[in-house]
Structure formats: C-alpha cells, structure tokens
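Student: Next up is a structure, given as structure tokens.
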Amino acid sequence: MRHIFIMNPNAGRRKEQAKLKATIQSVCDEAQVSYEIYETKCKDDGMAYMIRTVKADADTQLRFYFCGGDGSVLEAANGFFALPEADRQGRVSVGVIPIGTGNDFIRNFGRAEDFLNIKAQLNGTPVQIDAIAFNNRYAANMLNIGFDCQVVKKVNQLRGHFLMRKGLAYPVGVALTLIKHPHTRLKLTFDDGETYEGRFLLSFIANGCYCGGGFKSASEAKQDDGLLDVMMVKPISRTRFISMVGKYKKGTLLGTRVAEKYIVYKQCKSVTVEAAAQADVCIDGEVEPFGKLQIQAEQKVFYFSVPNQAASVIKGSLS
C-alpha cells in the first residue's frame, strides 16, 4: 500500500505542521512503508492531486490522509467521488489527520488522539460509510443553515483577529450571533411528500452527529444507515435558546418536552431545501450561498480509514 499525506499549510499552526511532518517521516521510515507528503498550493489542490495520483498509479492500493480540519474532509470526499467507480470499490481509501479547529467529522469514530497517531493511521481499517450527495457534489458530515452557519461565518472572521486567542473564537462567535438572533425562511420537501415551510432558527441535514466543535446536534445519526437526519428548530427566544444549548451540545435534547414543542426531527433518504431569499449554508465547515439544495443519502459509498485503536472502539457501533 502507498500512503499519501496531503497537508494544508493554512490548517493549524506552523509549529504543529512542522511537528506533524517530522512525525510522519519518522514513523513511516521506521515502518518501512511507501509514502509521500504533498503540500497543497491553493484551494482544492489536494483534491486535484488525489485525482492525478490515482490516474497515474493504477495498480497500487492507495490511501490519502488529508491533514486539516473539516474543510479538508469536504475536499477529500469530493476528490474521492471524482474518481472512476472502479477505484472507489476498495482500491482507494481516505483518512483524516485533524489539525483544524472543529474536527467534528472524526468525532463520529473516535478521539482526536487516535487520529493524530500516525502508526495507528498506517494500520487503520477502511470502513464503508454514507455520504451526502447534493447539487452534484458531496459532503461527509453535515449541512447547516441558520444559526449554526452564521456562527461559523463569525468564527472565520474572528480567527484572523490578532487579539483572538486560540479556543476563544467559537464561544465569542456564538455570543455575537446570539445578539443578532438570525432566522431563515425555508421550505423543506421530504421524500415522503411531507413539507415544512416557515422561519427557522436553525436547520441541518446530517450524516454525522457532530458540528460546532463538539455539539452532538444530530444525536440519532448513524454513518452507514442510508438515511439523512434532519432537524428544524422553530423561532424561539434568546432565553429559551440558552436554556436548550446544554442538552443540544450533549445530544440529550431530543425526546424532551421543549424539543417536542420547538423541534422537528426527521430521517429520510432525500430532501429538497429552498430558501425564500438567498441564504448561507455551511457544508462541512465551508460556508457558501444557496437558493435551492437537492440532497440525498448515498449508502456505504465512501471508504474512510479509521485508525486501529478507534476501529476497535467503533466495531459494531455503526448500524
């Protein structure tokens, strides 16, 4: 097997990048595996390099490790699904080394420490998981609209501020977004014909459980059940929102009285989301505008490599 580490120079701090690079070289040399490290030059360069490499090396098992945050997971997924179908049947797998900020996707499979263990990564196990197909593109974890999306926008702005200490950007972003208290007018049409239309504080369409740096918002989600988990939160006061946040983060909100009153949670194979006016959607940590999203679950189509310690933990935990 050939191991390719794709590093995003803009993810994490330079000291962390240098340390990770040295660790990769040391561990791979000791293990005597075939490997290389590629540093991306621009947006989507890692995806392009993945496609070129698979085409050039048609006879080898290939594993690509994207070193970055949730945005790197998004790039990895779209690179994988741009490959010929024959290469997506087990010859190529994708791993993640979390040096970003949120790192929410990997929380579905284990601890960050497991994914930062290069030896464990080299001995990882590819598992077949679902992907979210939308508008001829793919996501691995979650699409967020409304409050959560606006928090990400604010956090991205705050990270560039020289006074913002590491770890403070997200709580400050939540506080500033709460002041604005945004709502988005949407129409969601499900595959069973049911339609929801109105103003929502937040909505998400999920494959994974986590977003926002550890919020277990889609607590019922499984990564291989062929279903999308969709939540819509109706307009609520700031006080009510604050009282719900703790349980929302822990994944214990569903089933409570307040959830029954203010939340719609559905599972489906496909859903169409239309915005009354152009709105923002956060796709695996990357924010962009949208007018209409046609979304469906693709079951067990993504070969994701899980480090060996984490693999022993998740064995049997997926559906």
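Convention: chains lettered A, B, ... in structure tokens order; per-chain residue numbering from 1; ligands numbered from 1 as shown.
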Taking the chain letters and numbering used in this document, name the residues of segment 146-247 of chain A that DSSP puts in helix (DSSP H, G or I), as a PyMOL selection string.

Tutor: chain A and resi 147-159+169-180+238-247

Student: So that I have them on file, write out the residues from the current selection with C-alpha atoms, as an mmCIF file, in the first residue's frame.

Tutor:
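Once everything was written out, this is again32.cif:
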```cif
data_model
loop_
_atom_site.group_PDB
_atom_site.id
_atom_site.type_symbol
_atom_site.label_atom_id
_atom_site.label_comp_id
_atom_site.auth_asym_id
_atom_site.auth_seq_id
_atom_site.Cartn_x
_atom_site.Cartn_y
_atom_site.Cartn_z
ATOM 1 C CA PHE A 147 -27.766 29.974 13.489
ATOM 2 C CA ASP A 148 -25.004 27.350 13.311
ATOM 3 C CA CYS A 149 -23.957 28.528 9.859
ATOM 4 C CA GLN A 150 -23.814 32.163 10.957
ATOM 5 C CA VAL A 151 -21.649 31.166 13.922
ATOM 6 C CA VAL A 152 -19.143 29.577 11.533
ATOM 7 C CA LYS A 153 -19.073 32.763 9.427
ATOM 8 C CA LYS A 154 -18.409 34.841 12.514
ATOM 9 C CA VAL A 155 -15.745 32.429 13.793
ATOM 10 C CA ASN A 156 -13.915 32.605 10.449
ATOM 11 C CA GLN A 157 -13.837 36.385 10.763
ATOM 12 C CA LEU A 158 -12.641 36.287 14.373
ATOM 13 C CA ARG A 159 -9.793 33.835 13.763
ATOM 14 C CA ALA A 169 -13.227 32.255 18.559
ATOM 15 C CA TYR A 170 -16.150 29.809 18.763
ATOM 16 C CA PRO A 171 -17.705 30.912 22.102
ATOM 17 C CA VAL A 172 -17.297 34.562 21.071
ATOM 18 C CA GLY A 173 -18.869 33.745 17.699
ATOM 19 C CA VAL A 174 -21.859 32.108 19.418
ATOM 20 C CA ALA A 175 -22.349 35.141 21.686
ATOM 21 C CA LEU A 176 -22.212 37.620 18.793
ATOM 22 C CA THR A 177 -24.570 35.531 16.663
ATOM 23 C CA LEU A 178 -26.991 35.221 19.577
ATOM 24 C CA ILE A 179 -27.202 39.006 19.741
ATOM 25 C CA LYS A 180 -28.261 39.100 16.094
ATOM 26 C CA ARG A 238 -32.865 34.014 23.316
ATOM 27 C CA THR A 239 -33.623 32.916 26.867
ATOM 28 C CA ARG A 240 -35.217 29.682 25.683
ATOM 29 C CA PHE A 241 -32.334 29.078 23.306
ATOM 30 C CA ILE A 242 -29.766 29.490 26.074
ATOM 31 C CA SER A 243 -31.696 27.046 28.275
ATOM 32 C CA MET A 244 -31.578 24.424 25.481
ATOM 33 C CA VAL A 245 -27.910 24.754 24.486
ATOM 34 C CA GLY A 246 -26.517 22.424 27.158
ATOM 35 C CA LYS A 247 -28.684 19.473 26.128
#
```

Student: Quick one: residues within 7 Å of segment 224-234 of chain A, only C-alpha atoms, excluding same-chain residues fewer than 3 positions away - as a ChimeraX atom specification?

Tutor: /A:129-130,199-207,218,221,262-269,297-300,318-319

Student: Identify, on the basis of only C-alpha atoms, every residue whose closest approach to Ala31 of chain A does not exceed 9 Å; exclude the query and any residue fewer than 3 positions from it along the same chain; express the result as number ranges by chain.

Tutor: A: 26-28, 119, 122

Student: Using only C-alpha atoms, which of the listed residues (A:Asn108, A:Ser237, A:Asn10, A:Thr272) sits closest to Thr195 of chain A?

Tutor: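 With only C-alpha atoms as the atom set, the closest residue is A:Thr272.
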
Student: Separation of atom CA of Arg88 of chain A and atom CA of Gly208 of chain A, in Å?

Tutor: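 Between these atoms lies a distance of 20.8 Å.
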
Student: Once DSSP has gone over the backbone, tell me which residues of segment 78-313 of chain A are in strand (DSSP E or B), as a ChimeraX atom specification.

Tutor: /A:92-98,125-134,137-139,142-146,184-190,195-200,202-206,211,215,228-233,263-268,270-283,286-306

Student: Can you work out the spacing between atom CA of Glu75 of chain A and atom CA of Ile37 of chain A in Å, to one decimal?

Tutor: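 Interatomic distance here is 16.8 Å.
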
Student: Calculate how many Å separate atom CA of Tyr210 of chain A from atom CA of Tyr49 of chain A, rounding to one decimal.

Tutor: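 Between atom CA of Tyr210 of chain A and atom CA of Tyr49 of chain A the gap is 28.4 Å.
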
Student: Would you list the contacts of Tyr38 of chain A as a PDB file with N, CA and C atoms, in the first residue's frame, taking every protein, DNA or RNA residue within 9 Å and counting only C-alpha atoms, but skipping same-chain residues closer than 4 positions in sequence?

Tutor:
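File produced: result-v8.pdb:
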```pdb
ATOM      1  N   ILE A   4      -0.325   8.461   1.115  1.00  0.00           N
ATOM      2  CA  ILE A   4      -0.086   9.835   0.657  1.00  0.00           C
ATOM      3  C   ILE A   4      -0.691  10.805   1.653  1.00  0.00           C
ATOM      4  N   PHE A   5       0.145  11.652   2.231  1.00  0.00           N
ATOM      5  CA  PHE A   5      -0.293  12.647   3.212  1.00  0.00           C
ATOM      6  C   PHE A   5      -0.424  14.000   2.529  1.00  0.00           C
ATOM      7  N   ILE A   6      -1.640  14.521   2.497  1.00  0.00           N
ATOM      8  CA  ILE A   6      -1.903  15.809   1.860  1.00  0.00           C
ATOM      9  C   ILE A   6      -2.079  16.857   2.950  1.00  0.00           C
ATOM     10  N   MET A   7      -1.151  17.797   2.988  1.00  0.00           N
ATOM     11  CA  MET A   7      -1.117  18.787   4.063  1.00  0.00           C
ATOM     12  C   MET A   7      -1.559  20.150   3.557  1.00  0.00           C
ATOM     13  N   ASN A   8      -2.491  20.748   4.288  1.00  0.00           N
ATOM     14  CA  ASN A   8      -2.953  22.105   4.003  1.00  0.00           C
ATOM     15  C   ASN A   8      -2.129  23.075   4.856  1.00  0.00           C
ATOM     16  N   GLY A  46      -5.510  19.715  -3.166  1.00  0.00           N
ATOM     17  CA  GLY A  46      -5.401  18.360  -2.637  1.00  0.00           C
ATOM     18  C   GLY A  46      -6.291  17.392  -3.390  1.00  0.00           C
ATOM     19  N   TYR A  49      -4.730  16.763  -6.783  1.00  0.00           N
ATOM     20  CA  TYR A  49      -3.552  15.891  -6.673  1.00  0.00           C
ATOM     21  C   TYR A  49      -3.982  14.438  -6.452  1.00  0.00           C
TER      22      TYR A  49
END
```

Student: For Glu220 of chain A, list every protein, DNA or RNA residue within 9 Å, evaluated using only C-alpha atoms, and leave out those in the same chain fewer than 3 positions away; present the list as a PDB file with N, CA and C atoms, in the first residue's frame.

Tutor:
```
ATOM      1  N   CYS A 209     -22.916  12.996  13.556  1.00  0.00           N
ATOM      2  CA  CYS A 209     -23.614  13.510  14.738  1.00  0.00           C
ATOM      3  C   CYS A 209     -23.198  14.922  15.129  1.00  0.00           C
ATOM      4  N   SER A 217     -25.343  17.505  17.865  1.00  0.00           N
ATOM      5  CA  SER A 217     -26.657  18.020  17.474  1.00  0.00           C
ATOM      6  C   SER A 217     -27.534  16.959  16.815  1.00  0.00           C
ATOM      7  N   ASP A 229     -30.378  12.679   8.616  1.00  0.00           N
ATOM      8  CA  ASP A 229     -31.044  13.160   9.819  1.00  0.00           C
ATOM      9  C   ASP A 229     -31.237  14.657   9.675  1.00  0.00           C
ATOM     10  N   GLY A 251     -26.340  16.121  23.191  1.00  0.00           N
ATOM     11  CA  GLY A 251     -27.103  15.166  22.409  1.00  0.00           C
ATOM     12  C   GLY A 251     -28.262  14.561  23.165  1.00  0.00           C
ATOM     13  N   LEU A 254     -33.327  15.764  22.225  1.00  0.00           N
ATOM     14  CA  LEU A 254     -34.461  15.064  21.610  1.00  0.00           C
ATOM     15  C   LEU A 254     -35.200  14.220  22.636  1.00  0.00           C
TER      16      LEU A 254
END
```

Student: Counting only C-alpha atoms, figure out which residue out of A:Ala133, A:Ala18, A:Cys282, A:Val33 gets nearest to Leu62 of chain A.

Tutor: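 Under the stated criterion, the closest residue is A:Val33.
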
Student: Using only C-alpha atoms, find the one residue out of A:Ser93, A:Ser305, A:Asn141, A:Gln296 that sits nearest to Thr125 of chain A.

Tutor: A:Ser305
